[in-house]
>>> print(open('input-v5.cif').read())   # mmCIF, C-alpha atoms
data_my_file
loop_
_atom_site.group_PDB
_atom_site.id
_atom_site.type_symbol
_atom_site.label_atom_id
_atom_site.label_comp_id
_atom_site.auth_asym_id
_atom_site.auth_seq_id
_atom_site.Cartn_x
_atom_site.Cartn_y
_atom_site.Cartn_z
ATOM 1 C CA MET A 1 6.330 35.836 29.478
ATOM 2 C CA GLN A 2 7.923 35.283 26.092
ATOM 3 C CA PHE A 3 7.625 31.886 24.407
ATOM 4 C CA ALA A 4 9.364 30.412 21.369
ATOM 5 C CA CYS A 5 6.900 28.455 19.263
ATOM 6 C CA GLU A 6 7.617 25.994 16.472
ATOM 7 C CA ILE A 7 5.021 24.636 14.075
ATOM 8 C CA ILE A 8 5.676 21.710 11.750
ATOM 9 C CA ILE A 9 3.035 21.351 9.038
ATOM 10 C CA SER A 10 2.965 18.270 6.830
ATOM 11 C CA PRO A 11 0.633 16.790 4.236
ATOM 12 C CA ARG A 12 -1.803 14.244 5.656
ATOM 13 C CA ARG A 13 -0.766 10.644 5.026
ATOM 14 C CA ASP A 14 -3.753 9.988 2.737
ATOM 15 C CA ILE A 15 -2.997 13.066 0.575
ATOM 16 C CA LEU A 16 -0.702 12.780 -2.448
ATOM 17 C CA ASP A 17 2.531 14.752 -2.160
ATOM 18 C CA PRO A 18 3.863 15.316 -5.704
ATOM 19 C CA GLU A 19 6.756 17.465 -4.475
ATOM 20 C CA GLY A 20 7.852 14.759 -2.025
ATOM 21 C CA ASP A 21 7.526 12.106 -4.759
ATOM 22 C CA ALA A 22 9.693 14.167 -7.138
ATOM 23 C CA ILE A 23 12.357 14.649 -4.469
ATOM 24 C CA GLY A 24 12.286 10.930 -3.655
ATOM 25 C CA ARG A 25 12.811 10.008 -7.324
ATOM 26 C CA SER A 26 15.636 12.542 -7.644
ATOM 27 C CA LEU A 27 17.389 11.149 -4.578
ATOM 28 C CA GLY A 28 17.301 7.696 -6.179
ATOM 29 C CA ARG A 29 18.725 9.039 -9.448
ATOM 30 C CA LEU A 30 21.547 10.642 -7.454
ATOM 31 C CA HIS A 31 22.290 7.232 -5.881
ATOM 32 C CA PHE A 32 21.072 8.102 -2.379
ATOM 33 C CA GLU A 33 19.747 4.634 -1.678
ATOM 34 C CA GLY A 34 17.232 3.844 1.051
ATOM 35 C CA ALA A 35 15.311 7.145 1.054
ATOM 36 C CA SER A 36 11.577 6.522 0.725
ATOM 37 C CA ASP A 37 8.207 8.069 1.537
ATOM 38 C CA VAL A 38 9.544 11.632 1.215
ATOM 39 C CA ARG A 39 7.019 14.229 2.427
ATOM 40 C CA VAL A 40 7.454 17.995 2.024
ATOM 41 C CA GLY A 41 5.907 20.379 4.507
ATOM 42 C CA LYS A 42 6.412 23.751 6.171
ATOM 43 C CA TYR A 43 8.289 24.814 9.294
ATOM 44 C CA MET A 44 7.397 28.029 11.118
ATOM 45 C CA THR A 45 8.756 29.734 14.198
ATOM 46 C CA LEU A 46 7.419 32.688 16.107
ATOM 47 C CA GLN A 47 7.755 34.358 19.468
ATOM 48 C CA LEU A 48 4.608 34.944 21.441
ATOM 49 C CA GLU A 49 3.784 36.878 24.581
ATOM 50 C CA ALA A 50 1.493 34.871 26.900
ATOM 51 C CA ASP A 51 0.825 34.335 30.609
ATOM 52 C CA SER A 52 1.763 30.632 30.496
ATOM 53 C CA ALA A 53 2.971 27.885 28.162
ATOM 54 C CA GLU A 54 -0.558 26.464 28.165
ATOM 55 C CA GLN A 55 -2.019 29.802 27.047
ATOM 56 C CA ALA A 56 0.667 30.129 24.352
ATOM 57 C CA ARG A 57 -0.157 26.617 23.087
ATOM 58 C CA GLU A 58 -3.881 27.452 22.994
ATOM 59 C CA ARG A 59 -3.244 30.655 21.037
ATOM 60 C CA ILE A 60 -0.937 28.920 18.547
ATOM 61 C CA THR A 61 -3.499 26.142 18.097
ATOM 62 C CA GLU A 62 -6.147 28.745 17.281
ATOM 63 C CA MET A 63 -3.775 30.434 14.794
ATOM 64 C CA CYS A 64 -3.274 27.064 13.108
ATOM 65 C CA ARG A 65 -7.015 26.413 12.948
ATOM 66 C CA GLN A 66 -7.869 29.848 11.549
ATOM 67 C CA LEU A 67 -4.964 30.619 9.220
ATOM 68 C CA LEU A 68 -1.781 28.579 9.188
ATOM 69 C CA VAL A 69 -3.000 25.031 8.469
ATOM 70 C CA ASN A 70 -5.465 23.640 5.936
ATOM 71 C CA PRO A 71 -7.241 21.001 8.069
ATOM 72 C CA ILE A 72 -8.417 19.120 4.980
ATOM 73 C CA THR A 73 -4.950 18.432 3.584
ATOM 74 C CA GLU A 74 -2.462 19.102 6.410
ATOM 75 C CA ASP A 75 -1.545 17.953 9.913
ATOM 76 C CA TYR A 76 0.603 19.900 12.365
ATOM 77 C CA GLU A 77 2.732 19.539 15.483
ATOM 78 C CA LEU A 78 3.473 22.291 17.985
ATOM 79 C CA SER A 79 6.370 22.969 20.316
ATOM 80 C CA VAL A 80 6.289 25.770 22.912
ATOM 81 C CA ARG A 81 9.149 26.716 25.243
ATOM 82 C CA SER A 82 9.797 29.725 27.422
ATOM 83 C CA LEU A 83 12.577 32.141 26.547
#
>>> encode(input="input-v5.cif", output="structure tokens")
Amino acid sequence: MQFACEIIISPRRDILDPEGDAIGRSLGRLHFEGASDVRVGKYMTLQLEADSAEQARERITEMCRQLLVNPITEDYELSVRSL
């Protein structure tokens, strides 16, 4: 079966995010009021062949642990759906 996988990677809450801070300040200077706590991360999609959604999720989790995510500075969320 083919699965569509989405991975959202974001800086951990206790890690400084200078890029997010710069964007937040710029939004204020452009008069976009009310925007705060801006965090910048990464968004990835991929298609994966697997026997089940559970197997696809396990494989994506292992990819995140081994390559895609720095566990010291980043958190991630996964979404898996069949195609």
>>> residues_around(input="input-v5.cif", residues="segment 58-67 of chain A", least_positions_apart="3", cutoff="8 Å", atoms="all atoms listed in the file", output="list in words")
Cys5, Glu54, Gln55, Asn70, Pro71 and Leu78 of chain A
>>> residues_around(input="input-v5.cif", residues="Leu48 of chain A", least_positions_apart="3", cutoff="7 Å", atoms="all atoms listed in the file", output="list in words")
Gln2, Phe3, Ala4 and Ala56 of chain A
>>> resolve_selection(input="input-v5.cif", expression="the PyMOL selection byres ((chain A and resi 33-44) around 8)", output="number ranges by chain")
A: 6-11, 17, 19-21, 23-24, 27-28, 31-32, 45-46
>>> write_last_selection(input="input-v5.cif", atoms="C-alpha atoms", output="PDB file, in the coordinates of the input")
ATOM      1  CA  GLU A   6       7.617  25.994  16.472  1.00  0.00           C
ATOM      2  CA  ILE A   7       5.021  24.636  14.075  1.00  0.00           C
ATOM      3  CA  ILE A   8       5.676  21.710  11.750  1.00  0.00           C
ATOM      4  CA  ILE A   9       3.035  21.351   9.038  1.00  0.00           C
ATOM      5  CA  SER A  10       2.965  18.270   6.830  1.00  0.00           C
ATOM      6  CA  PRO A  11       0.633  16.790   4.236  1.00  0.00           C
ATOM      7  CA  ASP A  17       2.531  14.752  -2.160  1.00  0.00           C
ATOM      8  CA  GLU A  19       6.756  17.465  -4.475  1.00  0.00           C
ATOM      9  CA  GLY A  20       7.852  14.759  -2.025  1.00  0.00           C
ATOM     10  CA  ASP A  21       7.526  12.106  -4.759  1.00  0.00           C
ATOM     11  CA  ILE A  23      12.357  14.649  -4.469  1.00  0.00           C
ATOM     12  CA  GLY A  24      12.286  10.930  -3.655  1.00  0.00           C
ATOM     13  CA  LEU A  27      17.389  11.149  -4.578  1.00  0.00           C
ATOM     14  CA  GLY A  28      17.301   7.696  -6.179  1.00  0.00           C
ATOM     15  CA  HIS A  31      22.290   7.232  -5.881  1.00  0.00           C
ATOM     16  CA  PHE A  32      21.072   8.102  -2.379  1.00  0.00           C
ATOM     17  CA  THR A  45       8.756  29.734  14.198  1.00  0.00           C
ATOM     18  CA  LEU A  46       7.419  32.688  16.107  1.00  0.00           C
TER      19      LEU A  46
END
>>> closest_residue(input="input-v5.cif", among="A:Leu68, A:Ile15, A:Met1, A:Ala53", to="Val80 of chain A", atoms="all atoms listed in the file")
A:Ala53
>>> atom_distance(input="input-v5.cif", atom1="atom CA of Arg57 of chain A", atom2="atom CA of Ser79 of chain A")
8.0 Å
>>> atom_distance(input="input-v5.cif", atom1="atom CA of Leu30 of chain A", atom2="atom CA of Glu74 of chain A")
29.0 Å
>>> atom_distance(input="input-v5.cif", atom1="atom CA of Val69 of chain A", atom2="atom CA of Arg12 of chain A")
11.2 Å
